$ cat data00.txt   # compact mmCIF, C-alpha atoms and all ligand atoms
# COMPACT_ATOMS: atom_id res chain seq x y z
CA MET P 1 11.82 16.77 60.90
CA THR P 2 13.75 17.32 64.04
CA VAL P 3 15.51 15.52 66.83
CA ILE P 4 13.50 15.06 70.00
CA SER P 5 14.43 13.61 73.33
CA GLY P 6 14.95 9.88 73.66
CA ARG P 7 12.53 9.83 76.57
CA LEU P 8 9.67 11.16 74.47
CA VAL P 9 10.42 8.69 71.70
CA ARG P 10 10.51 5.83 74.19
CA PHE P 11 7.17 6.95 75.53
CA LEU P 12 5.66 7.22 72.06
CA LEU P 13 7.00 3.87 71.00
CA SER P 14 6.15 2.04 74.19
CA THR P 15 2.51 2.88 73.55
CA CYS P 16 2.50 1.05 70.27
CA LEU P 17 4.89 -1.86 70.56
CA GLY P 18 2.07 -4.14 71.54
CA LEU P 19 0.37 -3.44 68.24
CA ILE P 20 3.36 -4.06 66.04
CA SER P 21 3.64 -7.35 64.28
CA LEU P 22 5.65 -8.63 61.38
CA SER P 23 3.37 -7.89 58.49
CA ARG P 24 5.18 -9.65 55.71
CA PRO P 25 7.74 -12.41 56.11
CA ASN P 26 11.06 -12.43 54.29
CA GLU P 27 10.19 -15.47 52.24
CA ALA P 28 7.13 -13.76 50.78
CA TYR P 29 8.88 -12.12 47.92
CA SER P 30 11.27 -13.19 45.25
CA VAL P 31 14.19 -11.01 44.26
CA VAL P 32 14.46 -9.20 40.93
CA SER P 33 17.10 -10.49 38.52
CA ASP P 34 20.30 -8.76 37.44
CA GLY P 35 18.71 -8.29 34.03
CA THR P 36 15.80 -6.41 35.55
CA LEU P 37 18.11 -4.24 37.65
CA LYS P 38 20.08 -3.39 34.51
CA SER P 39 16.96 -2.46 32.58
CA LEU P 40 15.43 -0.17 35.21
CA PRO P 41 14.77 3.23 33.68
CA ARG P 42 16.89 6.13 34.90
CA PRO P 43 15.39 9.56 35.58
CA ASP P 44 17.88 11.26 33.23
CA GLN P 45 16.74 14.75 32.24
CA ASP P 46 13.56 14.51 34.34
CA PHE P 47 15.73 15.23 37.39
CA ASP P 48 17.35 18.32 35.87
CA ILE P 49 17.04 20.99 38.56
CA HIS P 50 16.15 23.74 36.08
CA THR P 51 14.16 22.07 33.32
CA GLY P 52 13.42 18.54 34.53
CA GLY P 53 9.80 17.50 34.17
CA ILE P 54 9.70 15.83 37.59
CA LEU P 55 12.09 17.61 39.95
CA ALA P 56 12.33 21.23 38.78
CA PRO P 57 8.68 22.18 39.51
CA ILE P 58 9.10 21.07 43.15
CA LEU P 59 12.21 23.21 43.72
CA GLN P 60 10.38 26.34 44.86
CA PRO P 61 9.19 27.63 48.25
CA ARG P 62 6.00 25.71 49.09
CA VAL P 63 4.90 26.82 52.52
CA PRO P 64 1.41 25.49 53.33
CA GLY P 65 -1.37 27.75 52.15
CA THR P 66 0.82 29.72 49.70
CA PRO P 67 0.71 29.77 45.87
CA GLY P 68 3.96 27.75 45.74
CA SER P 69 2.29 24.96 47.67
CA THR P 70 -0.69 24.95 45.29
CA ALA P 71 1.63 24.92 42.27
CA VAL P 72 3.49 21.86 43.57
CA LEU P 73 0.23 20.12 44.42
CA ASN P 74 -0.93 20.81 40.88
CA HIS P 75 2.33 19.36 39.59
CA PHE P 76 1.66 16.10 41.44
CA ALA P 77 -1.94 15.94 40.24
CA ASP P 78 -0.95 16.69 36.64
CA PHE P 79 1.84 14.14 36.73
CA PHE P 80 -0.42 11.34 37.89
CA ARG P 81 -3.29 12.38 35.65
CA HIS P 82 -1.10 12.48 32.54
CA SER P 83 1.55 9.83 33.18
CA LEU P 84 -0.23 7.46 35.56
CA PRO P 85 -3.93 7.65 34.73
CA ASP P 86 -4.75 4.30 36.35
CA TRP P 87 -3.99 5.68 39.81
CA GLN P 88 -6.77 6.91 42.10
CA ILE P 89 -5.99 10.40 43.37
CA GLU P 90 -7.28 11.67 46.69
CA PHE P 91 -6.71 14.84 48.65
CA GLN P 92 -7.04 14.83 52.40
CA ASN P 93 -7.68 18.23 53.80
CA SER P 94 -7.40 19.87 57.18
CA THR P 95 -6.81 23.31 58.66
CA SER P 96 -4.98 24.51 61.74
CA LYS P 97 -3.86 27.66 63.41
CA THR P 98 -0.09 28.02 63.65
CA PRO P 99 2.15 30.02 66.00
CA VAL P 100 2.96 32.54 63.25
CA THR P 101 -0.44 33.02 61.64
CA GLY P 102 -2.51 34.04 64.66
CA ASP P 103 -6.19 33.25 64.28
CA ARG P 104 -5.95 32.44 60.60
CA GLU P 105 -6.59 28.79 59.78
CA VAL P 106 -3.88 27.50 57.44
CA PRO P 107 -5.02 24.83 54.96
CA PHE P 108 -3.02 21.60 54.78
CA VAL P 109 -3.51 19.27 51.83
CA ASN P 110 -2.13 15.75 51.66
CA PHE P 111 -1.87 14.21 48.20
CA ILE P 112 -2.50 10.48 48.00
CA ALA P 113 -2.34 8.29 44.89
CA THR P 114 -3.18 4.61 44.96
CA ARG P 115 -3.10 1.74 42.50
CA ASP P 116 -4.70 -1.58 43.38
CA PRO P 117 -5.14 -4.84 41.46
CA PRO P 118 -8.26 -4.24 39.35
CA TRP P 119 -10.24 -7.19 40.71
CA VAL P 120 -9.94 -6.47 44.44
CA ALA P 121 -12.25 -4.33 46.58
CA SER P 122 -10.19 -1.58 48.14
CA GLY P 123 -10.80 -2.79 51.71
CA ASN P 124 -9.11 -6.08 50.83
CA VAL P 125 -5.85 -4.63 49.49
CA GLY P 126 -2.65 -4.44 51.54
CA ARG P 127 -0.37 -1.68 50.27
CA LEU P 128 3.22 -0.63 50.10
CA THR P 129 3.03 3.08 50.96
CA LEU P 130 5.82 5.42 49.89
CA ALA P 131 5.69 8.76 51.69
CA ALA P 132 7.52 12.09 51.74
CA HIS P 133 6.55 15.59 52.79
CA TYR P 134 6.25 18.25 50.13
CA ASP P 135 5.93 21.42 52.20
CA SER P 136 8.92 23.67 52.79
CA LYS P 137 9.92 25.69 55.84
CA TYR P 138 8.30 29.03 56.61
CA LYS P 139 11.69 30.47 57.54
CA PRO P 140 14.34 31.34 56.48
CA GLU P 141 12.56 33.18 53.70
CA GLY P 142 13.32 31.65 50.32
CA PHE P 143 14.10 28.23 51.79
CA ILE P 144 13.81 25.58 49.06
CA GLY P 145 14.25 22.26 50.85
CA ALA P 146 15.77 20.26 48.00
CA ILE P 147 16.70 17.29 50.17
CA ASP P 148 13.87 18.24 52.56
CA SER P 149 11.93 16.81 50.76
CA ALA P 150 11.71 17.80 47.08
CA VAL P 151 14.09 15.02 46.04
CA PRO P 152 12.27 12.29 47.98
CA CYS P 153 9.02 13.34 46.25
CA ALA P 154 10.73 13.28 42.84
CA VAL P 155 12.32 9.90 43.55
CA ILE P 156 8.93 8.42 44.41
CA MET P 157 7.35 9.89 41.25
CA HIS P 158 10.10 8.42 39.10
CA ALA P 159 9.85 5.03 40.80
CA MET P 160 6.08 4.82 40.37
CA ARG P 161 6.23 5.82 36.73
CA SER P 162 8.99 3.26 36.17
CA ILE P 163 6.92 0.34 37.44
CA ASP P 164 3.46 1.41 36.28
CA ASP P 165 3.42 -0.43 32.95
CA ALA P 166 4.88 -3.51 34.61
CA LEU P 167 1.98 -3.47 37.10
CA THR P 168 -0.49 -3.26 34.22
CA LYS P 169 1.16 -6.18 32.44
CA LYS P 170 1.46 -8.31 35.54
CA TRP P 171 -2.13 -7.81 36.60
CA ALA P 172 -3.35 -8.46 33.03
CA ALA P 173 -1.34 -11.70 32.99
CA MET P 174 -2.72 -12.72 36.39
CA ASP P 175 -6.24 -11.92 35.27
CA LYS P 176 -5.79 -14.00 32.13
CA ALA P 177 -4.47 -16.91 34.16
CA GLY P 178 -7.49 -16.71 36.47
CA HIS P 179 -5.28 -15.28 39.25
CA THR P 180 -4.47 -17.63 42.08
CA GLN P 181 -7.17 -17.56 44.70
CA GLY P 182 -6.13 -16.17 48.00
CA SER P 183 -2.51 -15.39 47.18
CA LEU P 184 -0.89 -12.45 48.94
CA ASP P 185 0.24 -11.07 45.61
CA GLU P 186 -3.32 -10.91 44.38
CA HIS P 187 -4.19 -8.47 47.15
CA THR P 188 -1.13 -6.24 47.05
CA GLY P 189 -1.40 -2.62 45.91
CA ILE P 190 0.84 0.43 46.05
CA GLN P 191 0.32 3.93 47.34
CA VAL P 192 2.03 7.31 47.36
CA MET P 193 1.58 9.96 50.05
CA PHE P 194 2.89 13.48 49.62
CA LEU P 195 2.31 15.04 53.00
CA ASP P 196 1.81 18.72 53.82
CA GLY P 197 2.80 20.68 56.92
CA GLU P 198 5.61 18.50 58.20
CA GLU P 199 7.79 21.46 59.12
CA ALA P 200 7.28 23.62 62.20
CA PHE P 201 6.30 27.22 61.45
CA ASN P 202 8.11 28.53 64.47
CA GLU P 203 9.86 25.93 66.61
CA TRP P 204 9.22 22.20 66.62
CA THR P 205 6.61 21.15 69.18
CA ALA P 206 3.95 18.43 69.27
CA THR P 207 1.41 20.91 67.88
CA ASP P 208 3.69 22.98 65.63
CA SER P 209 4.80 20.17 63.29
CA LEU P 210 3.45 17.18 61.37
CA TYR P 211 0.16 18.98 60.59
CA GLY P 212 -0.64 16.87 57.55
CA SER P 213 0.43 13.46 58.81
CA ARG P 214 -1.32 13.91 62.17
CA SER P 215 -4.57 14.74 60.40
CA LEU P 216 -4.27 11.93 57.86
CA ALA P 217 -3.35 9.22 60.34
CA GLN P 218 -6.20 10.25 62.59
CA GLU P 219 -8.76 10.38 59.78
CA TRP P 220 -7.69 7.12 58.19
CA GLY P 221 -7.57 5.35 61.53
CA ALA P 222 -11.21 6.30 62.07
CA ARG P 223 -12.48 5.67 58.52
CA VAL P 224 -13.95 2.19 58.54
CA ASN P 225 -13.87 0.02 55.42
CA PRO P 226 -17.07 -1.79 54.36
CA SER P 227 -17.99 -4.69 56.62
CA MET P 228 -16.36 -8.03 55.74
CA SER P 229 -13.28 -6.20 54.42
CA THR P 230 -9.93 -7.82 55.15
CA PHE P 231 -8.65 -4.55 56.57
CA LYS P 232 -10.71 -2.54 59.00
CA THR P 233 -9.39 0.88 57.99
CA PRO P 234 -7.23 2.45 55.25
CA LEU P 235 -4.56 2.77 57.93
CA SER P 236 -4.46 -0.95 58.60
CA SER P 237 -4.17 -1.55 54.84
CA ILE P 238 -0.64 -0.09 54.98
CA MET P 239 1.71 -3.08 54.98
CA LEU P 240 4.79 -0.89 55.10
CA PHE P 241 4.97 2.87 55.53
CA MET P 242 8.24 3.75 53.83
CA LEU P 243 9.12 7.35 54.62
CA LEU P 244 11.85 9.07 52.61
CA ASP P 245 13.41 12.24 53.99
CA LEU P 246 16.59 14.32 53.62
CA LEU P 247 17.83 12.51 50.51
CA GLY P 248 20.02 14.06 47.83
CA SER P 249 23.29 14.90 49.58
CA LYS P 250 26.46 12.94 48.82
CA ASP P 251 27.37 9.86 50.88
CA PRO P 252 24.13 9.39 52.80
CA LYS P 253 24.07 7.26 55.93
CA ILE P 254 20.81 5.40 56.45
CA GLN P 255 20.26 3.62 59.74
CA SER P 256 17.76 0.88 60.54
CA TYR P 257 15.46 1.94 63.37
CA PHE P 258 12.83 -0.75 63.82
CA LYS P 259 13.25 -4.42 64.49
CA THR P 260 9.98 -5.42 62.83
CA THR P 261 10.94 -3.82 59.52
CA HIS P 262 14.65 -4.60 59.64
CA TRP P 263 14.09 -7.38 57.09
CA ALA P 264 12.71 -4.78 54.62
CA TYR P 265 15.71 -2.56 55.36
CA GLN P 266 17.97 -5.52 54.66
CA SER P 267 16.14 -6.22 51.39
CA MET P 268 16.85 -2.67 50.28
CA ALA P 269 20.47 -2.99 51.45
CA THR P 270 20.86 -6.13 49.35
CA ILE P 271 19.52 -4.31 46.29
CA GLU P 272 21.95 -1.45 46.96
CA LYS P 273 24.84 -3.93 47.13
CA ARG P 274 23.76 -5.62 43.90
CA LEU P 275 23.37 -2.31 42.06
CA ARG P 276 26.89 -1.40 43.16
CA GLU P 277 28.29 -4.76 42.04
CA LEU P 278 26.58 -4.36 38.69
CA LYS P 279 28.21 -0.92 38.38
CA LEU P 280 24.81 0.74 38.13
CA PHE P 281 25.42 3.28 40.90
CA LYS P 282 26.61 6.54 39.34
CA SER P 283 27.71 7.97 42.69
CA SER P 284 30.04 5.02 43.31
CA PRO P 285 33.80 5.71 43.14
CA ASN P 286 33.96 2.56 41.01
CA TYR P 287 31.35 3.65 38.47
CA PRO P 288 32.98 3.07 35.07
CA VAL P 289 33.21 6.73 34.02
CA THR P 290 34.84 7.62 37.33
CA GLU P 291 37.13 4.61 37.08
CA ASN P 292 38.49 5.80 33.76
CA ARG P 293 39.63 8.99 35.39
CA ARG P 294 41.57 7.21 38.12
CA SER P 295 45.32 7.10 37.71
CA ASP P 296 45.72 3.78 39.53
CA SER P 297 43.75 0.70 38.54
CA LYS P 298 42.88 -0.49 42.05
CA ALA P 299 39.20 -0.42 42.92
CA ALA P 300 38.25 2.11 45.57
CA GLU P 301 36.49 0.88 48.68
CA GLU P 302 32.82 0.67 47.86
CA PRO P 303 30.71 2.71 50.29
CA ARG P 304 27.32 1.63 51.62
CA TRP P 305 24.36 3.91 52.21
CA LEU P 306 22.38 1.44 54.28
CA ILE P 307 24.99 1.13 56.98
CA ASP P 308 23.13 -1.32 59.22
CA ALA P 309 22.80 -3.99 56.52
CA THR P 310 24.67 -6.68 58.42
CA ARG P 311 23.70 -5.52 61.88
CA GLU P 312 21.39 -7.64 63.91
CA ILE P 313 18.81 -5.53 65.66
CA LYS P 314 18.18 -7.12 69.01
CA SER P 315 16.05 -4.50 70.65
CA HIS P 316 12.66 -3.53 69.30
CA TYR P 317 13.93 -0.29 67.89
CA ARG P 318 16.86 2.03 67.97
CA HIS P 319 16.22 5.22 69.93
CA SER P 320 16.57 7.49 66.95
CA GLY P 321 15.03 10.56 68.54
CA ILE P 322 13.95 11.64 65.09
CA ALA P 323 10.50 13.17 64.92
CA ASP P 324 9.10 12.87 61.43
CA ASP P 325 5.90 12.06 59.55
CA HIS P 326 6.08 8.41 60.55
CA LEU P 327 5.21 9.13 64.20
CA PRO P 328 1.41 9.55 63.86
CA PHE P 329 1.35 6.28 61.90
CA LEU P 330 3.77 4.45 64.19
CA GLU P 331 1.69 5.42 67.21
CA ARG P 332 -1.24 3.65 65.57
CA GLY P 333 0.65 0.44 64.95
CA VAL P 334 1.69 0.95 61.31
CA GLU P 335 4.94 -0.72 60.24
CA VAL P 336 7.57 1.91 59.39
CA LEU P 337 10.73 1.89 57.32
CA HIS P 338 12.42 5.27 57.79
CA ILE P 339 14.85 6.06 55.00
CA ILE P 340 16.48 9.25 56.24
CA ASP P 341 20.05 10.47 55.87
CA SER P 342 21.24 10.68 59.46
CA SER P 343 24.78 9.69 60.30
CA PRO P 344 25.26 8.21 63.79
CA ILE P 345 28.34 10.46 64.05
CA THR P 346 27.55 13.69 62.23
CA GLY P 347 23.75 13.69 62.14
CA PHE P 348 21.74 15.23 59.32
CA PRO P 349 23.38 16.52 56.11
CA THR P 350 25.17 19.85 56.55
CA VAL P 351 22.71 21.79 54.36
CA TRP P 352 19.78 20.75 56.59
CA HIS P 353 17.44 23.67 57.35
CA THR P 354 19.77 26.23 55.75
CA LEU P 355 19.41 28.25 52.55
CA HIS P 356 22.06 25.92 51.10
CA ASP P 357 19.44 23.19 50.86
CA ASP P 358 18.67 24.02 47.25
CA GLY P 359 19.07 22.47 43.80
CA ASP P 360 22.64 23.66 43.40
CA HIS P 361 23.79 21.78 46.50
CA LEU P 362 22.36 18.42 45.47
CA ASP P 363 24.68 15.61 44.45
CA MET P 364 22.91 14.68 41.24
CA ASN P 365 24.52 11.25 40.85
CA THR P 366 23.28 10.41 44.34
CA VAL P 367 19.81 11.73 43.51
CA GLU P 368 19.69 9.59 40.39
CA ASP P 369 20.90 6.52 42.29
CA TRP P 370 18.12 7.01 44.82
CA GLY P 371 15.70 6.94 41.90
CA VAL P 372 17.04 3.60 40.76
CA LEU P 373 17.26 2.06 44.24
CA ILE P 374 13.71 2.98 45.24
CA THR P 375 12.41 1.79 41.85
CA ALA P 376 14.14 -1.56 42.34
CA PHE P 377 12.77 -1.93 45.87
CA ALA P 378 9.22 -1.19 44.72
CA ALA P 379 9.58 -3.55 41.74
CA GLU P 380 10.74 -6.32 44.04
CA TRP P 381 7.98 -5.72 46.58
CA MET P 382 5.36 -5.76 43.80
CA GLU P 383 6.88 -8.93 42.29
CA LEU P 384 7.48 -7.39 38.87
CA GLU P 385 10.26 -9.65 37.64
CA ASN P 386 9.72 -10.28 33.89
CA PHE P 387 7.36 -7.32 33.51
CA ILE P 388 9.76 -4.34 33.51
CA ASP P 389 10.56 -2.95 30.09
CA THR P 390 12.54 0.27 29.78
CA ALA P 391 11.05 1.08 26.41
CA ASP P 392 7.60 1.45 27.97
CA VAL P 393 8.47 4.35 30.25
CA LYS P 394 6.70 7.56 29.38
CA ARG P 395 8.88 10.65 29.66
CA THR P 396 7.54 13.74 31.35
CA PRO P 397 7.47 16.85 29.19
CA SER P 398 9.97 19.41 30.46
CA VAL P 399 7.73 22.33 29.61
CA PRO P 400 5.70 23.62 32.56
CA LEU P 401 2.52 21.63 32.96
CA PRO P 402 -0.80 23.48 32.89
CA ARG P 403 -2.14 24.43 36.29
CA SER P 404 -5.05 22.40 37.37
CA GLU P 405 -7.86 24.76 38.23
CA LYS P 406 -9.69 21.94 39.94
CA VAL P 407 -7.01 21.46 42.56
CA ALA P 408 -6.65 25.17 43.22
CA GLU P 409 -10.40 25.50 43.53
CA TRP P 410 -10.58 22.54 45.84
CA LYS P 411 -7.73 23.73 48.01
CA ASN P 412 -9.50 27.03 48.56
CA ASN P 413 -12.47 25.20 49.95
CA PRO P 414 -11.28 23.62 53.19
CA ASP P 415 -14.77 22.41 54.03
CA THR P 416 -14.40 19.62 51.49
CA ARG P 417 -12.96 16.66 53.34
CA LYS P 418 -12.18 14.53 50.34
CA THR P 419 -12.02 15.02 46.61
CA GLU P 420 -11.36 12.52 43.91
CA LEU P 421 -10.21 13.69 40.50
ZN ZN D 501 12.90 19.88 57.44
$ encode --input "data00.txt" --output "structure tokens"
Amino acid sequence: MTVISGRLVRFLLSTCLGLISLSRPNEAYSVVSDGTLKSLPRPDQDFDIHTGGILAPILQPRVPGTPGSTAVLNHFADFFRHSLPDWQIEFQNSTSKTPVTGDREVPFVNFIATRDPPWVASGNVGRLTLAAHYDSKYKPEGFIGAIDSAVPCAVIMHAMRSIDDALTKKWAAMDKAGHTQGSLDEHTGIQVMFLDGEEAFNEWTATDSLYGSRSLAQEWGARVNPSMSTFKTPLSSIMLFMLLDLLGSKDPKIQSYFKTTHWAYQSMATIEKRLRELKLFKSSPNYPVTENRRSDSKAAEEPRWLIDATREIKSHYRHSGIADDHLPFLERGVEVLHIIDSSPITGFPTVWHTLHDDGDHLDMNTVEDWGVLITAFAAEWMELENFIDTADVKRTPSVPLPRSEKVAEWKNNPDTRKTEL
């Protein structure tokens, strides 16, 4: 992602404001209880940067079209196939020339996983979509991109695994009870997008960036659901496009950028506040272990990551000037919640786009807290109160997972527009 001029952003946004509407009112969901927040599973060793079953395999160079990219794609596919077998996996494929590869077409592969209530036709499901890019920068050579965006991918994987059994239980209970006709909850699904080709190969321009998201938004905007579907296209099925980026550094500052999703931002801010009050945030200066080390007994001032929690957004959006994977979706009227560490004073984290953006420079307590916060937000959105049970969470083996030949084979065949495994 990069910073672009306010004028361009205003132009881009002015083209879509007419399409934006509040997709889901505040009152529509009930909050999760303190008990549920306390019982949310933590990523623990799965986020170990060397051996962790979720994060470690992503911490490698993964430039589009290279073996590292295929390996990470295989990791996603294996994770969902083994840990979350009820999810539908899809790959969306495109190719493009780039400024550094001459006439060679580089393949870009977006990974999408979706889970819908079992009784609903897919065109009738509105979804919470959690997105992050998985590609890494072409230069400098050896760039890892831990916060950009290996950690966001890992956080999403952990969150989805943490709520998966609760979804199964909830939908089984609803099915047994004859599920309420016509309720919003009955038609709510969840989706993960790991996007390729977000980074520029040379320098950020409209054509040298966002390769994967531009292709996906265009294709999904044109793919029409069966007639009589509630939603015309897979794009319009996205109730909220929640994009995570640049997460994993200490003391993140997350701003709220869009008036129409400010309520969702505030919901997440409320969860953050509650997790802090319940002393469940490991990065907090008041986390019990840290507290024991303090010489004085006074509580330290509790920081906030979502710094606009109490701010009233009067304009339609804040002129962030941040170009990221949300833009191709935003331009088509999709509701966006952009969770990106960008301080209004100091900007992006200091490691951004340097070789220091690697596993060693992550703040692991912060990374773990992101895992818990995003899990809680997803659990609340999916109305999973009473269905979360820590004991049900399947751990990911820390040994390297077998490579999926099918994905590698598919990736090498860019003519295939869509594959389901
Ligand atoms: Zn980047």
$ closest_residue --input "data00.txt" --among "P:Ile313, P:Val120, P:Leu235, P:Ile147" --to "ligand ZN 501 (chain D)" --atoms "only C-alpha atoms and all ligand atoms"
P:Ile147
$ closest_residue --input "data00.txt" --among "P:Gly145, P:Pro285, P:Pro328, P:Pro234" --to "ligand ZN 501 (chain D)" --atoms "all atoms listed in the file"
P:Gly145
$ closest_residue --input "data00.txt" --among "P:Leu246, P:Phe201, P:Gly333, P:Tyr257" --to "P:Gly102" --atoms "all atoms listed in the file"
P:Phe201
$ residues_near_ligand --input "data00.txt" --ligand "ligand ZN 501 (chain D)" --cutoff "8 Å" --atoms "all atoms listed in the file" --output "ChimeraX atom specification"
/P:1-2,136-137,145,148-149,198-199,246,352-353
$ closest_atom_pairs --input "data00.txt" --of "stretch 40-149 of chain P" --to "stretch 378-391 of chain P" --cutoff "12 Å" --atoms "all atoms listed in the file" --output "JSON lines"
{"residue": "P:Leu40", "atom": "CA", "partner": "P:Thr390", "partner_atom": "CA", "distance": 6.2}
{"residue": "P:Pro41", "atom": "CA", "partner": "P:Thr390", "partner_atom": "CA", "distance": 5.4}
{"residue": "P:Arg42", "atom": "CA", "partner": "P:Thr390", "partner_atom": "CA", "distance": 8.9}
{"residue": "P:Pro43", "atom": "CA", "partner": "P:Thr390", "partner_atom": "CA", "distance": 11.3}
{"residue": "P:Arg115", "atom": "CA", "partner": "P:Met382", "partner_atom": "CA", "distance": 11.4}
{"residue": "P:Asp116", "atom": "CA", "partner": "P:Met382", "partner_atom": "CA", "distance": 10.9}
{"residue": "P:Pro117", "atom": "CA", "partner": "P:Met382", "partner_atom": "CA", "distance": 10.8}
{"residue": "P:Gly126", "atom": "CA", "partner": "P:Met382", "partner_atom": "CA", "distance": 11.2}
{"residue": "P:Arg127", "atom": "CA", "partner": "P:Met382", "partner_atom": "CA", "distance": 9.6}
{"residue": "P:Leu128", "atom": "CA", "partner": "P:Trp381", "partner_atom": "CA", "distance": 7.8}
{"residue": "P:Thr129", "atom": "CA", "partner": "P:Ala378", "partner_atom": "CA", "distance": 9.8}
{"residue": "P:Leu130", "atom": "CA", "partner": "P:Ala378", "partner_atom": "CA", "distance": 9.1}
$ closest_residue --input "data00.txt" --among "P:Trp220, P:Trp370, P:Tyr287, P:Phe231" --to "P:Pro252" --atoms "all atoms listed in the file"
P:Trp370
$ closest_residue --input "data00.txt" --among "P:His158, P:Ile112, P:Glu335, P:Arg274" --to "P:Val31" --atoms "only C-alpha atoms"
P:Arg274
$ closest_residue --input "data00.txt" --among "P:Pro85, P:Gly248, P:Pro118, P:Gly321" --to "P:Asp369" --atoms "all atoms listed in the file"
P:Gly248
$ residues_around --input "data00.txt" --residues "P:Met364" --least-positions-apart "4" --cutoff "12 Å" --atoms "only C-alpha atoms" --output "ChimeraX atom specification"
/P:43-49,55,146-147,151,155,247-251,281-283,358-360,368-371
$ atom_distance --input "data00.txt" --atom1 "atom CA of P:Asn93" --atom2 "atom CA of P:Tyr134"
14.4 Å
$ atom_distance --input "data00.txt" --atom1 "atom CA of P:Val109" --atom2 "atom CA of P:Asp196"
5.7 Å
$ atom_distance --input "data00.txt" --atom1 "atom CA of P:Gly68" --atom2 "atom CA of P:Asn110"
14.7 Å
$ residues_near_point --input "data00.txt" --point "(2.5, 10.8, 39.6)" --cutoff "8 Å" --atoms "all atoms listed in the file" --output "PyMOL selection string"
chain P and resi 76-81+83-84+113+157-158+160-161
$ residues_around --input "data00.txt" --residues "P:Ala269" --least-positions-apart "5" --cutoff "8 Å" --atoms "all atoms listed in the file" --output "count of residues only"
3
$ build_atoms --input "data00.txt" --residues "stretch 354-368 of chain P" --atoms "N, CA and C atoms" --output "compact mmCIF listing (two decimals), in the frame of the given file"
# COMPACT_ATOMS: atom_id res chain seq x y z
N THR P 354 19.07 24.99 56.11
CA THR P 354 19.77 26.23 55.75
C THR P 354 19.37 26.59 54.32
N LEU P 355 19.70 27.82 53.94
CA LEU P 355 19.41 28.25 52.55
C LEU P 355 20.25 27.48 51.53
N HIS P 356 21.27 26.75 52.02
CA HIS P 356 22.06 25.92 51.10
C HIS P 356 21.32 24.66 50.66
N ASP P 357 20.20 24.38 51.29
CA ASP P 357 19.44 23.19 50.86
C ASP P 357 18.62 23.55 49.63
N ASP P 358 19.33 23.67 48.51
CA ASP P 358 18.67 24.02 47.25
C ASP P 358 19.19 23.11 46.13
N GLY P 359 18.69 23.33 44.93
CA GLY P 359 19.07 22.47 43.80
C GLY P 359 20.56 22.43 43.55
N ASP P 360 21.21 23.58 43.70
CA ASP P 360 22.64 23.66 43.40
C ASP P 360 23.50 22.82 44.34
N HIS P 361 22.99 22.53 45.53
CA HIS P 361 23.79 21.78 46.50
C HIS P 361 23.45 20.28 46.52
N LEU P 362 22.63 19.86 45.56
CA LEU P 362 22.36 18.42 45.47
C LEU P 362 23.54 17.70 44.83
N ASP P 363 23.74 16.45 45.19
CA ASP P 363 24.68 15.61 44.45
C ASP P 363 23.85 14.80 43.46
N MET P 364 23.88 15.22 42.20
CA MET P 364 22.91 14.68 41.24
C MET P 364 23.10 13.19 40.95
N ASN P 365 24.35 12.70 41.03
CA ASN P 365 24.52 11.25 40.85
C ASN P 365 23.83 10.49 41.98
N THR P 366 23.94 11.04 43.19
CA THR P 366 23.28 10.41 44.34
C THR P 366 21.77 10.45 44.16
N VAL P 367 21.26 11.59 43.72
CA VAL P 367 19.81 11.73 43.51
C VAL P 367 19.33 10.69 42.51
N GLU P 368 20.08 10.55 41.43
CA GLU P 368 19.69 9.59 40.39
C GLU P 368 19.75 8.15 40.92
